[in-house]
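S.K.: For reference, this is run-v3.cif, and it has mmCIF, C-alpha atoms.
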```cif
data_entry
loop_
_atom_site.label_atom_id
_atom_site.label_comp_id
_atom_site.auth_asym_id
_atom_site.auth_seq_id
_atom_site.Cartn_x
_atom_site.Cartn_y
_atom_site.Cartn_z
CA MET V 1 -11.83 -40.49 37.87
CA ALA V 2 -14.09 -38.60 40.29
CA GLY V 3 -11.52 -35.79 40.42
CA SER V 4 -11.49 -35.56 36.63
CA ALA V 5 -15.31 -35.31 36.50
CA ALA V 6 -15.30 -32.61 39.17
CA SER V 7 -12.66 -30.57 37.39
CA GLU V 8 -14.53 -30.94 34.11
CA SER V 9 -17.71 -29.75 35.80
CA ILE V 10 -15.88 -26.77 37.23
CA LEU V 11 -14.41 -25.95 33.82
CA PHE V 12 -17.84 -26.40 32.21
CA ILE V 13 -19.53 -24.06 34.69
CA GLY V 14 -16.65 -21.63 34.36
CA ALA V 15 -16.94 -21.67 30.59
CA ILE V 16 -20.69 -21.00 30.78
CA LEU V 17 -20.18 -18.17 33.23
CA ALA V 18 -17.45 -16.63 31.09
CA THR V 19 -19.57 -16.93 27.95
CA THR V 20 -22.59 -15.44 29.72
CA ALA V 21 -20.47 -12.53 30.90
CA VAL V 22 -19.09 -11.89 27.40
CA VAL V 23 -22.52 -12.16 25.76
CA GLY V 24 -24.08 -10.03 28.49
CA ALA V 25 -21.52 -7.33 27.81
CA LEU V 26 -21.77 -7.49 24.02
CA VAL V 27 -25.53 -7.76 23.49
CA PRO V 28 -26.36 -4.23 24.72
CA VAL V 29 -23.56 -2.85 22.55
CA ILE V 30 -24.82 -4.70 19.49
CA GLN V 31 -28.40 -3.66 20.25
CA GLU V 32 -27.33 -0.03 20.52
CA LEU V 33 -25.41 -0.27 17.26
CA SER V 34 -28.45 -1.90 15.58
CA GLY V 35 -30.70 0.85 16.92
CA ASP V 36 -28.30 3.50 15.65
CA LEU V 37 -28.19 1.83 12.26
CA ARG V 38 -31.98 1.75 12.10
CA ASP V 39 -32.17 5.42 13.16
CA ARG V 40 -29.61 6.36 10.55
CA GLY V 41 -31.68 4.59 7.90
CA ARG V 42 -34.83 6.36 9.07
CA THR V 43 -33.08 9.74 9.08
CA THR V 44 -31.70 9.18 5.59
CA GLY V 45 -35.15 8.04 4.47
CA ASP V 46 -36.77 11.14 5.98
CA ARG V 47 -34.21 13.36 4.29
CA LEU V 48 -34.91 11.77 0.92
CA ALA V 49 -38.68 11.86 1.48
CA SER V 50 -38.75 15.53 2.42
CA ASP V 51 -38.91 18.18 -0.24
CA ILE V 52 -39.89 21.85 -0.34
CA SER V 53 -40.50 24.46 -3.03
CA ILE V 54 -40.68 28.23 -2.87
CA ILE V 55 -43.85 29.10 -4.78
CA ASN V 56 -43.62 32.90 -4.78
CA ASP V 57 -44.34 34.67 -8.03
CA ALA V 58 -40.83 36.02 -8.65
CA GLU V 59 -42.20 39.08 -10.41
CA ALA V 60 -44.74 39.96 -7.72
CA MET V 61 -42.93 39.54 -4.43
CA ALA V 62 -44.04 41.19 -1.22
CA THR V 63 -40.70 42.62 -0.08
CA SER V 64 -41.46 45.08 2.67
CA PRO V 65 -41.20 42.94 4.72
CA LEU V 66 -40.13 40.00 2.61
CA VAL V 67 -42.80 37.28 2.48
CA VAL V 68 -41.75 33.81 1.36
CA TYR V 69 -44.20 31.02 0.57
CA VAL V 70 -42.79 27.53 1.08
CA LYS V 71 -44.81 24.51 0.00
CA ASN V 72 -44.14 21.07 1.45
CA THR V 73 -43.84 18.96 -1.70
CA GLY V 74 -42.41 15.91 0.06
CA GLN V 75 -43.95 13.01 1.93
CA THR V 76 -42.97 13.93 5.49
CA SER V 77 -44.23 16.61 7.86
CA LEU V 78 -41.72 19.32 8.70
CA VAL V 79 -41.16 21.25 11.91
CA VAL V 80 -41.79 24.92 11.18
CA THR V 81 -39.34 26.30 13.74
CA ASP V 82 -36.53 24.23 12.21
CA PHE V 83 -36.67 26.26 8.99
CA THR V 84 -33.85 28.65 8.15
CA PHE V 85 -34.18 31.50 5.67
CA LEU V 86 -31.28 33.18 3.93
CA LEU V 87 -31.45 36.31 1.84
CA ASP V 88 -28.37 36.71 -0.35
CA GLY V 89 -26.51 34.36 1.99
CA GLN V 90 -27.51 36.19 5.16
CA VAL V 91 -29.41 34.19 7.75
CA SER V 92 -32.60 35.68 9.10
CA THR V 93 -32.87 35.56 12.88
CA ASN V 94 -36.30 37.14 13.03
CA THR V 95 -38.80 35.27 10.91
CA THR V 96 -42.46 34.81 11.74
CA TYR V 97 -44.38 31.80 10.51
CA ASP V 98 -47.95 31.07 9.50
CA VAL V 99 -49.08 27.75 8.04
CA LEU V 100 -51.80 28.90 5.65
CA ASP V 101 -55.29 27.50 6.00
CA ALA V 102 -54.33 25.56 9.14
CA SER V 103 -54.80 26.03 12.86
CA ASP V 104 -51.45 24.48 13.79
CA ASP V 105 -48.52 26.75 12.91
CA THR V 106 -45.85 24.40 14.27
CA THR V 107 -45.97 21.60 11.69
CA LEU V 108 -45.98 21.87 7.91
CA HIS V 109 -47.74 18.80 6.55
CA PRO V 110 -47.39 17.60 2.92
CA ALA V 111 -49.10 19.96 0.43
CA GLN V 112 -49.44 22.77 2.99
CA VAL V 113 -47.95 26.22 2.44
CA LEU V 114 -45.86 28.07 5.00
CA GLN V 115 -45.92 31.86 4.90
CA ALA V 116 -42.62 33.07 6.32
CA THR V 117 -42.21 36.78 6.97
CA VAL V 118 -38.57 37.81 7.16
CA ASN V 119 -38.56 40.81 9.46
CA ASP V 120 -34.88 41.53 9.89
CA LEU V 121 -33.48 41.61 6.35
CA SER V 122 -34.37 44.40 3.98
CA VAL V 123 -34.67 43.99 0.24
CA THR V 124 -32.89 46.72 -1.71
CA VAL V 125 -33.30 47.48 -5.42
CA GLY V 126 -31.61 44.81 -7.54
CA ASP V 127 -31.28 41.05 -7.86
CA HIS V 128 -31.68 38.87 -4.80
CA ARG V 129 -31.72 35.21 -3.91
CA ILE V 130 -33.83 33.76 -1.13
CA ARG V 131 -33.17 30.27 0.16
CA ALA V 132 -35.25 28.18 2.53
CA VAL V 133 -33.77 25.20 4.36
CA ALA V 134 -35.93 22.74 6.30
CA GLY V 135 -34.73 20.89 9.39
CA THR V 136 -34.28 17.72 7.35
CA GLY V 137 -31.86 19.47 5.00
CA ALA V 138 -34.36 19.84 2.14
CA ASP V 139 -33.86 23.23 0.55
CA ALA V 140 -35.28 25.48 -2.15
CA GLY V 141 -34.22 28.76 -3.65
CA LEU V 142 -35.67 31.58 -5.70
CA THR V 143 -34.01 34.44 -7.51
CA PHE V 144 -36.00 37.65 -7.92
CA TYR V 145 -35.53 41.25 -8.90
CA GLU V 146 -36.66 44.07 -6.68
CA ALA V 147 -37.54 47.10 -8.77
CA GLY V 148 -38.21 49.41 -5.85
CA PRO V 149 -41.31 51.45 -4.99
CA MET A 1 -12.36 -30.91 29.33
CA GLY A 2 -13.66 -31.64 25.84
CA LEU A 3 -17.28 -31.22 26.89
CA ALA A 4 -16.58 -27.85 28.55
CA GLN A 5 -14.78 -26.58 25.47
CA ALA A 6 -17.54 -27.80 23.19
CA ALA A 7 -20.22 -26.20 25.37
CA ALA A 8 -18.37 -22.90 25.54
CA PHE A 9 -17.78 -22.97 21.79
CA ALA A 10 -21.44 -23.72 21.11
CA LEU A 11 -22.58 -20.92 23.39
CA LEU A 12 -20.20 -18.44 21.83
CA ALA A 13 -21.28 -19.50 18.34
CA GLY A 14 -24.94 -19.15 19.31
CA ALA A 15 -24.36 -15.72 20.83
CA SER A 16 -22.38 -14.60 17.78
CA LEU A 17 -25.15 -15.75 15.48
CA PHE A 18 -27.73 -13.93 17.59
CA MET A 19 -25.77 -10.70 17.59
CA GLY A 20 -24.99 -11.03 13.90
CA GLY A 21 -28.70 -11.55 13.26
CA LEU A 22 -29.52 -8.36 15.14
CA GLY A 23 -27.02 -6.42 13.07
CA VAL A 24 -28.20 -7.87 9.76
CA ASN A 25 -31.84 -7.23 10.66
CA ALA A 26 -31.06 -3.61 11.51
CA ALA A 27 -29.09 -3.17 8.29
CA ILE A 28 -31.93 -4.64 6.21
CA SER A 29 -34.60 -2.44 7.79
CA ALA A 30 -32.39 0.65 7.42
CA GLN A 31 -31.77 -0.20 3.78
CA ASP A 32 -35.53 -0.75 3.23
CA GLU A 33 -36.26 2.73 4.60
CA VAL A 34 -33.66 4.29 2.36
CA ASP A 35 -34.80 2.33 -0.71
CA ALA A 36 -38.44 3.36 -0.21
CA ALA A 37 -37.46 7.00 0.21
CA ARG A 38 -35.15 6.83 -2.81
CA GLN A 39 -37.95 5.44 -4.99
CA ASP A 40 -40.24 8.18 -3.74
CA ALA A 41 -37.64 10.86 -4.52
CA ALA A 42 -37.13 9.41 -8.01
CA GLU A 43 -40.89 9.48 -8.59
CA ARG A 44 -41.04 13.12 -7.49
CA GLN A 45 -38.22 13.97 -9.88
CA ARG A 46 -40.03 12.18 -12.71
CA ARG A 47 -43.24 14.11 -11.97
CA ALA A 48 -41.35 17.40 -11.75
CA VAL A 49 -39.81 16.82 -15.17
CA GLY A 50 -43.23 15.97 -16.60
CA THR A 51 -44.98 18.96 -15.07
CA ASP A 52 -45.88 21.75 -17.44
CA HIS A 53 -48.99 23.84 -17.02
CA ARG A 54 -50.18 27.28 -18.00
CA VAL A 55 -52.60 29.86 -16.69
CA ASP A 56 -54.88 30.63 -19.65
CA GLU A 57 -57.17 33.31 -18.38
CA VAL A 58 -58.01 35.38 -15.32
CA THR A 59 -61.44 36.98 -15.17
CA LEU A 60 -63.00 39.32 -12.64
CA ASP A 61 -66.77 39.50 -12.33
CA ALA A 62 -68.70 42.79 -12.57
CA LEU A 63 -68.87 43.34 -8.82
CA ALA A 64 -65.26 42.31 -8.25
CA ALA A 65 -66.50 39.68 -5.86
CA GLU A 66 -65.03 36.71 -7.69
CA VAL A 67 -61.97 35.98 -9.76
CA ASP A 68 -61.73 32.92 -11.99
CA VAL A 69 -58.31 31.53 -12.81
CA LEU A 70 -58.36 29.00 -15.64
CA ALA A 71 -55.35 26.67 -15.94
CA THR A 72 -54.46 23.83 -18.30
CA ASN A 73 -52.21 20.85 -17.67
CA GLN A 74 -49.97 20.61 -20.73
CA GLY A 75 -47.39 18.26 -19.24
CA THR A 76 -47.15 14.50 -19.02
CA ALA A 77 -47.47 14.34 -15.22
CA THR A 78 -50.89 13.87 -13.66
CA LEU A 79 -51.43 16.59 -11.08
CA GLN A 80 -53.77 17.04 -8.13
CA ALA A 81 -55.93 20.12 -8.67
CA ASP A 82 -57.09 20.22 -5.06
CA ARG A 83 -53.50 20.37 -3.85
CA GLY A 84 -52.53 23.30 -6.05
CA ASP A 85 -52.14 26.86 -4.84
CA VAL A 86 -53.10 30.16 -6.43
CA LEU A 87 -51.26 33.44 -5.99
CA ILE A 88 -52.94 36.71 -6.87
CA ASP A 89 -50.62 39.73 -7.18
CA GLY A 90 -47.99 37.77 -5.28
CA TYR A 91 -50.17 36.68 -2.36
CA VAL A 92 -51.22 33.08 -1.77
CA ALA A 93 -55.01 32.98 -2.04
CA THR A 94 -55.53 29.26 -1.54
CA ALA A 95 -57.73 29.68 1.54
CA TYR A 96 -60.27 31.59 -0.59
CA ILE A 97 -60.20 29.27 -3.61
CA THR A 98 -62.56 26.60 -4.88
CA ALA A 99 -61.24 24.29 -7.58
CA THR A 100 -63.66 23.25 -10.31
CA THR A 101 -62.39 20.64 -12.68
CA ILE A 102 -63.51 20.49 -16.29
CA ASP A 103 -62.64 18.53 -19.42
CA GLY A 104 -62.51 15.19 -17.68
CA ALA A 105 -60.22 16.17 -14.82
CA THR A 106 -61.05 15.35 -11.24
CA SER A 107 -59.78 17.13 -8.19
CA THR A 108 -57.14 14.46 -7.68
CA THR A 109 -56.49 13.51 -11.30
CA TRP A 110 -55.65 16.52 -13.41
CA THR A 111 -54.37 14.91 -16.57
CA ASN A 112 -52.67 16.23 -19.68
CA GLY A 113 -54.90 18.58 -21.65
CA ALA A 114 -57.50 18.92 -18.89
CA GLN A 115 -58.48 22.28 -17.44
CA VAL A 116 -59.22 23.48 -13.93
CA THR A 117 -60.87 26.70 -12.82
CA TYR A 118 -59.88 28.13 -9.48
CA THR A 119 -62.62 30.47 -8.27
CA LEU A 120 -61.47 33.04 -5.75
CA ASP A 121 -63.64 34.84 -3.22
CA TYR A 122 -61.99 38.15 -4.13
CA ASP A 123 -63.77 40.27 -1.49
CA ALA A 124 -62.56 38.05 1.32
CA PHE A 125 -59.08 37.79 -0.17
CA LEU A 126 -58.65 41.56 -0.52
CA GLU A 127 -60.07 42.27 2.88
CA GLU A 128 -58.06 39.71 4.80
CA VAL A 129 -54.86 39.33 2.82
CA ARG A 130 -54.41 42.83 1.44
CA GLY A 131 -56.36 44.72 4.10
CA ILE A 132 -58.58 46.46 1.51
CA SER A 133 -62.21 47.20 2.33
CA PRO A 134 -64.87 45.83 -0.07
CA ILE A 135 -66.41 49.34 -0.17
CA LEU A 136 -63.25 50.66 -1.80
CA ILE A 137 -63.46 47.88 -4.34
CA LEU A 138 -66.98 48.89 -5.32
CA LEU A 139 -65.92 52.54 -5.63
CA ASP A 140 -63.15 51.74 -8.07
CA ILE A 141 -63.30 48.21 -9.37
CA THR A 142 -60.70 48.76 -12.07
CA ALA A 143 -58.06 49.61 -9.46
CA PHE A 144 -58.38 46.13 -8.03
CA VAL A 145 -58.18 44.06 -11.19
CA PRO A 146 -55.52 41.39 -10.56
CA GLN A 147 -52.28 42.16 -12.35
CA THR A 148 -50.67 38.77 -11.90
CA ALA A 149 -51.96 35.30 -11.13
CA ALA A 150 -49.90 32.19 -10.56
CA VAL A 151 -50.84 28.57 -10.11
CA ALA A 152 -48.45 26.37 -8.14
CA THR A 153 -48.99 22.65 -8.71
CA ASP A 154 -49.04 20.08 -5.93
CA ASN A 155 -45.34 19.50 -6.64
CA GLY A 156 -44.51 23.18 -6.28
CA ILE A 157 -44.00 24.23 -9.90
CA VAL A 158 -45.35 27.68 -10.69
CA ALA A 159 -46.90 29.06 -13.88
CA THR A 160 -47.77 32.74 -14.05
CA TRP A 161 -50.13 34.98 -15.93
CA ARG A 162 -49.77 38.74 -16.33
CA ALA A 163 -52.41 41.24 -17.24
#
```
Do you think you could lay out the structure here as structure tokens?

M.R.:
Amino acid sequence: MAGSAASESILFIGAILATTAVVGALVPVIQELSGDLRDRGRTTGDRLASDISIINDAEAMATSPLVVYVKNTGQTSLVVTDFTFLLDGQVSTNTTYDVLDASDDTTLHPAQVLQATVNDLSVTVGDHRIRAVAGTGADAGLTFYEAGP
Amino acid sequence: MGLAQAAAFALLAGASLFMGGLGVNAAISAQDEVDAARQDAAERQRRAVGTDHRVDEVTLDALAAEVDVLATNQGTATLQADRGDVLIDGYVATAYITATTIDGATSTTWTNGAQVTYTLDYDAFLEEVRGISPILILLDITAFVPQTAAVATDNGIVATWRA
């Protein structure tokens, strides 16, 4: 009788220890997965909430060098250095940025306008397409005609 | 033996419920974020479809010190005049602009049919944006009459005017 109680106690303690070990191993994994899921939701939300527009006057473009005006028409602030500019499918690797009417040129807040000067791609006579892509994936494009000097 | 099994089973069930709860909570909050953003995106689309405005008139004063750009909201979307931008001859002039709302519009509620005048400090604009001295402007005002003006709404839709 006493032996049975002792063995049951040992099994009971063993079961608790085993359960604790399993739970201890699984909880961090589940927490990490939950965190990832939340982050994914936030990222998707940010992507949907971000939006940009190119507001250049297509018939009066400054093209030497090419100046692109990008307005943040979404709800989230965008990181200026994460922007990519493409002229006729070619990526610019030398673009300078100025957030107009703002002292901070690193963040483009909602309703602000970014002046991007594309220094390394020249605009020849003819039709062109400029595309701006923000770090969140929001993008905007504009087709314009360069008539020459 | 029975007690140990029952205890282990209860603990495992409790732990499973806890972990399941964590997962469900994370899924719900992620879905909430996405739903809110989706609604916002749909609202932006709706506003974009309803946005239609025109630039009626661009006037330069006698000393070429000021340019007035008059615009009318002719769409169904209510716009924000103070969040619009003005381009003169292709250059954004927003930093030199003052928005004056008329016909019942306010700076944040620019409704259908209402008009807004954007007044531009043209001297400052030419000097800083185009690098043109005000003295040159006075010598030949006609050379500096704006040829194009554009108003971009707060949602980024552009209407243009040409001389």

S.K.: Considering only C-alpha atoms, extract the chain V residues located within 8 Å of chain A and return them as a PyMOL selection string.

M.R.: chain V and resi 8-9+11-13+15-16+19+23+27+30-31+33-35+37-42+44-46+48-49+52-57+59-62+69+71+73+100-101+111

S.K.: Can you pull out every residue within 12 Å of Thr98 in chain A, counting all atoms listed in the file, but drop anything in the same chain fewer than 5 positions away, and send it as a ChimeraX atom specification?

M.R.: /A:66-70,81-86,93,107,116-122

S.K.: Report as a ChimeraX atom specification the full result of the PyMOL selection byres ((chain V and resi 67) around 8) when it is applied to this structure.

M.R.: /V:61-66,68-69,115-118

S.K.: Identify all residues satisfying the PyMOL selection byres ((chain V and resi 137-139) around 10) in the given file; provide them as a list in words.

M.R.: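 Residues picked by the PyMOL selection byres ((chain V and resi 137-139) around 10): Asp46, Arg47, Leu48, Ala49, Ser50, Asp51, Ile52, Ser53, Ile54, Val70, Asn72, Gly74, Leu78, Asp82, Phe83, Thr84, Phe85, Arg131, Ala132, Val133, Ala134, Gly135, Thr136, Ala140 and Gly141 of chain V.
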
S.K.: Could you check the closest approach to Val49 in chain A for each of A:Thr142, A:Thr76, A:Thr108, A:Ser133 and tell me which residue wins, using all atoms listed in the file?

M.R.: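 Among the listed residues, A:Thr76 lies closest to Val49 in chain A.
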
S.K.: Between CA of Thr143 in chain V and CA of Ile130 in chain V, what is the distance in Å, rounded to a tenth?

M.R.: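 The value is 6.4 Å.
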
S.K.: Decode the PyMOL selection byres ((chain A and resi 52) around 8) for the given file into explicit residues and return them as a list in words.

M.R.: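 That expression, the PyMOL selection byres ((chain A and resi 52) around 8), corresponds here to Gly50, Thr51, His53, Arg54, Asn73, Gln74, Gly75, Thr76 and Ala77 of chain A.
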
S.K.: As an exercise, work out the distance from CA of Gly113 in chain A to CA of Val55 in chain A in Å and give it to one decimal place.

M.R.: 12.5 Å

S.K.: So that I can check the surroundings of Ile132 in chain A, please list as a short mmCIF file (atom, residue, chain, number, x, y, z; two decimals) with C-alpha atoms, in the coordinates of the input every protein, DNA and RNA residue that reaches within 9 Å of it, counting all atoms listed in the file and ignoring chain neighbours fewer than 6 positions away.

M.R.:
```cif
data_model
loop_
_atom_site.label_atom_id
_atom_site.label_comp_id
_atom_site.auth_asym_id
_atom_site.auth_seq_id
_atom_site.Cartn_x
_atom_site.Cartn_y
_atom_site.Cartn_z
CA ASP A 123 -63.77 40.27 -1.49
CA PHE A 125 -59.08 37.79 -0.17
CA LEU A 126 -58.65 41.56 -0.52
#
```

S.K.: Quick one: 5 Å padding each side, axis-aligned, all listed atoms of range 76-91 of chain V - centre and edge lengths in Å to one decimal, as AutoDock Vina command-line options?

M.R.:
```
--center_x -35.4 --center_y 25.3 --center_z 6.7 --size_x 27.7 --size_y 32.8 --size_z 24.1
```

S.K.: Considering all atoms listed in the file, state which residue in the set A:Trp110, A:Gln115, A:Ala13, A:Asp140 is at the smallest distance from Leu79 in chain A.

M.R.: A:Trp110

S.K.: Find the distance between CA of Gly126 in chain V and CA of Tyr145 in chain V and write it in Å to one decimal.

M.R.: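 These two atoms are separated by 5.5 Å.
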
S.K.: With all atoms listed in the file as the basis for distance, which of A:Ala64, A:Ala114, A:Ala48, A:Leu17 is at the shortest distance from Ala143 in chain A?

M.R.: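 Residue with the minimum atom-to-atom distance to Ala143 in chain A: A:Ala64.
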
S.K.: Rebuild all heavy atoms on range 17-27 of chain V, as a PDB file, keeping the file's coordinate frame?

M.R.:
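The result, written out as result-v2.pdb:
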```pdb
ATOM      1  N   LEU V  17     -20.168 -19.487  32.567  1.00  0.00           N
ATOM      2  CA  LEU V  17     -20.180 -18.170  33.230  1.00  0.00           C
ATOM      3  C   LEU V  17     -19.408 -17.135  32.397  1.00  0.00           C
ATOM      4  O   LEU V  17     -19.862 -15.996  32.218  1.00  0.00           O
ATOM      5  CB  LEU V  17     -19.572 -18.279  34.632  1.00  0.00           C
ATOM      6  CG  LEU V  17     -20.445 -18.971  35.688  1.00  0.00           C
ATOM      7  CD1 LEU V  17     -19.680 -19.127  37.004  1.00  0.00           C
ATOM      8  CD2 LEU V  17     -21.731 -18.183  35.934  1.00  0.00           C
ATOM      9  N   ALA V  18     -18.263 -17.564  31.891  1.00  0.00           N
ATOM     10  CA  ALA V  18     -17.450 -16.630  31.090  1.00  0.00           C
ATOM     11  C   ALA V  18     -18.201 -16.229  29.824  1.00  0.00           C
ATOM     12  O   ALA V  18     -18.248 -15.048  29.455  1.00  0.00           O
ATOM     13  CB  ALA V  18     -16.117 -17.287  30.736  1.00  0.00           C
ATOM     14  N   THR V  19     -18.823 -17.224  29.174  1.00  0.00           N
ATOM     15  CA  THR V  19     -19.570 -16.930  27.950  1.00  0.00           C
ATOM     16  C   THR V  19     -20.742 -16.001  28.231  1.00  0.00           C
ATOM     17  O   THR V  19     -20.998 -15.039  27.503  1.00  0.00           O
ATOM     18  CB  THR V  19     -20.100 -18.241  27.321  1.00  0.00           C
ATOM     19  OG1 THR V  19     -19.026 -19.151  27.203  1.00  0.00           O
ATOM     20  CG2 THR V  19     -20.716 -17.988  25.972  1.00  0.00           C
ATOM     21  N   THR V  20     -21.452 -16.285  29.338  1.00  0.00           N
ATOM     22  CA  THR V  20     -22.590 -15.440  29.720  1.00  0.00           C
ATOM     23  C   THR V  20     -22.133 -13.996  29.941  1.00  0.00           C
ATOM     24  O   THR V  20     -22.786 -13.039  29.527  1.00  0.00           O
ATOM     25  CB  THR V  20     -23.271 -15.984  30.969  1.00  0.00           C
ATOM     26  OG1 THR V  20     -23.544 -17.359  30.769  1.00  0.00           O
ATOM     27  CG2 THR V  20     -24.547 -15.245  31.295  1.00  0.00           C
ATOM     28  N   ALA V  21     -20.972 -13.873  30.616  1.00  0.00           N
ATOM     29  CA  ALA V  21     -20.470 -12.530  30.900  1.00  0.00           C
ATOM     30  C   ALA V  21     -20.137 -11.793  29.597  1.00  0.00           C
ATOM     31  O   ALA V  21     -20.494 -10.619  29.415  1.00  0.00           O
ATOM     32  CB  ALA V  21     -19.233 -12.624  31.790  1.00  0.00           C
ATOM     33  N   VAL V  22     -19.470 -12.521  28.672  1.00  0.00           N
ATOM     34  CA  VAL V  22     -19.090 -11.890  27.400  1.00  0.00           C
ATOM     35  C   VAL V  22     -20.337 -11.494  26.596  1.00  0.00           C
ATOM     36  O   VAL V  22     -20.464 -10.376  26.106  1.00  0.00           O
ATOM     37  CB  VAL V  22     -18.189 -12.857  26.570  1.00  0.00           C
ATOM     38  CG1 VAL V  22     -18.006 -12.335  25.152  1.00  0.00           C
ATOM     39  CG2 VAL V  22     -16.847 -13.018  27.238  1.00  0.00           C
ATOM     40  N   VAL V  23     -21.286 -12.443  26.517  1.00  0.00           N
ATOM     41  CA  VAL V  23     -22.520 -12.160  25.760  1.00  0.00           C
ATOM     42  C   VAL V  23     -23.295 -11.027  26.420  1.00  0.00           C
ATOM     43  O   VAL V  23     -23.799 -10.121  25.750  1.00  0.00           O
ATOM     44  CB  VAL V  23     -23.380 -13.440  25.654  1.00  0.00           C
ATOM     45  CG1 VAL V  23     -24.762 -13.115  25.111  1.00  0.00           C
ATOM     46  CG2 VAL V  23     -22.693 -14.458  24.762  1.00  0.00           C
ATOM     47  N   GLY V  24     -23.376 -11.083  27.745  1.00  0.00           N
ATOM     48  CA  GLY V  24     -24.080 -10.030  28.490  1.00  0.00           C
ATOM     49  C   GLY V  24     -23.486  -8.658  28.233  1.00  0.00           C
ATOM     50  O   GLY V  24     -24.186  -7.654  28.190  1.00  0.00           O
ATOM     51  N   ALA V  25     -22.173  -8.624  28.061  1.00  0.00           N
ATOM     52  CA  ALA V  25     -21.520  -7.330  27.810  1.00  0.00           C
ATOM     53  C   ALA V  25     -21.715  -6.891  26.361  1.00  0.00           C
ATOM     54  O   ALA V  25     -21.854  -5.695  26.085  1.00  0.00           O
ATOM     55  CB  ALA V  25     -20.040  -7.436  28.141  1.00  0.00           C
ATOM     56  N   LEU V  26     -21.719  -7.858  25.439  1.00  0.00           N
ATOM     57  CA  LEU V  26     -21.770  -7.490  24.020  1.00  0.00           C
ATOM     58  C   LEU V  26     -23.184  -7.206  23.495  1.00  0.00           C
ATOM     59  O   LEU V  26     -23.358  -6.365  22.624  1.00  0.00           O
ATOM     60  CB  LEU V  26     -21.126  -8.591  23.163  1.00  0.00           C
ATOM     61  CG  LEU V  26     -19.601  -8.629  23.174  1.00  0.00           C
ATOM     62  CD1 LEU V  26     -19.090  -9.781  22.315  1.00  0.00           C
ATOM     63  CD2 LEU V  26     -19.019  -7.317  22.648  1.00  0.00           C
ATOM     64  N   VAL V  27     -24.172  -7.922  24.026  1.00  0.00           N
ATOM     65  CA  VAL V  27     -25.530  -7.760  23.490  1.00  0.00           C
ATOM     66  C   VAL V  27     -26.030  -6.314  23.554  1.00  0.00           C
ATOM     67  O   VAL V  27     -26.532  -5.776  22.553  1.00  0.00           O
ATOM     68  CB  VAL V  27     -26.514  -8.740  24.160  1.00  0.00           C
ATOM     69  CG1 VAL V  27     -27.951  -8.301  23.964  1.00  0.00           C
ATOM     70  CG2 VAL V  27     -26.338 -10.127  23.568  1.00  0.00           C
TER      71      VAL V  27
END
```
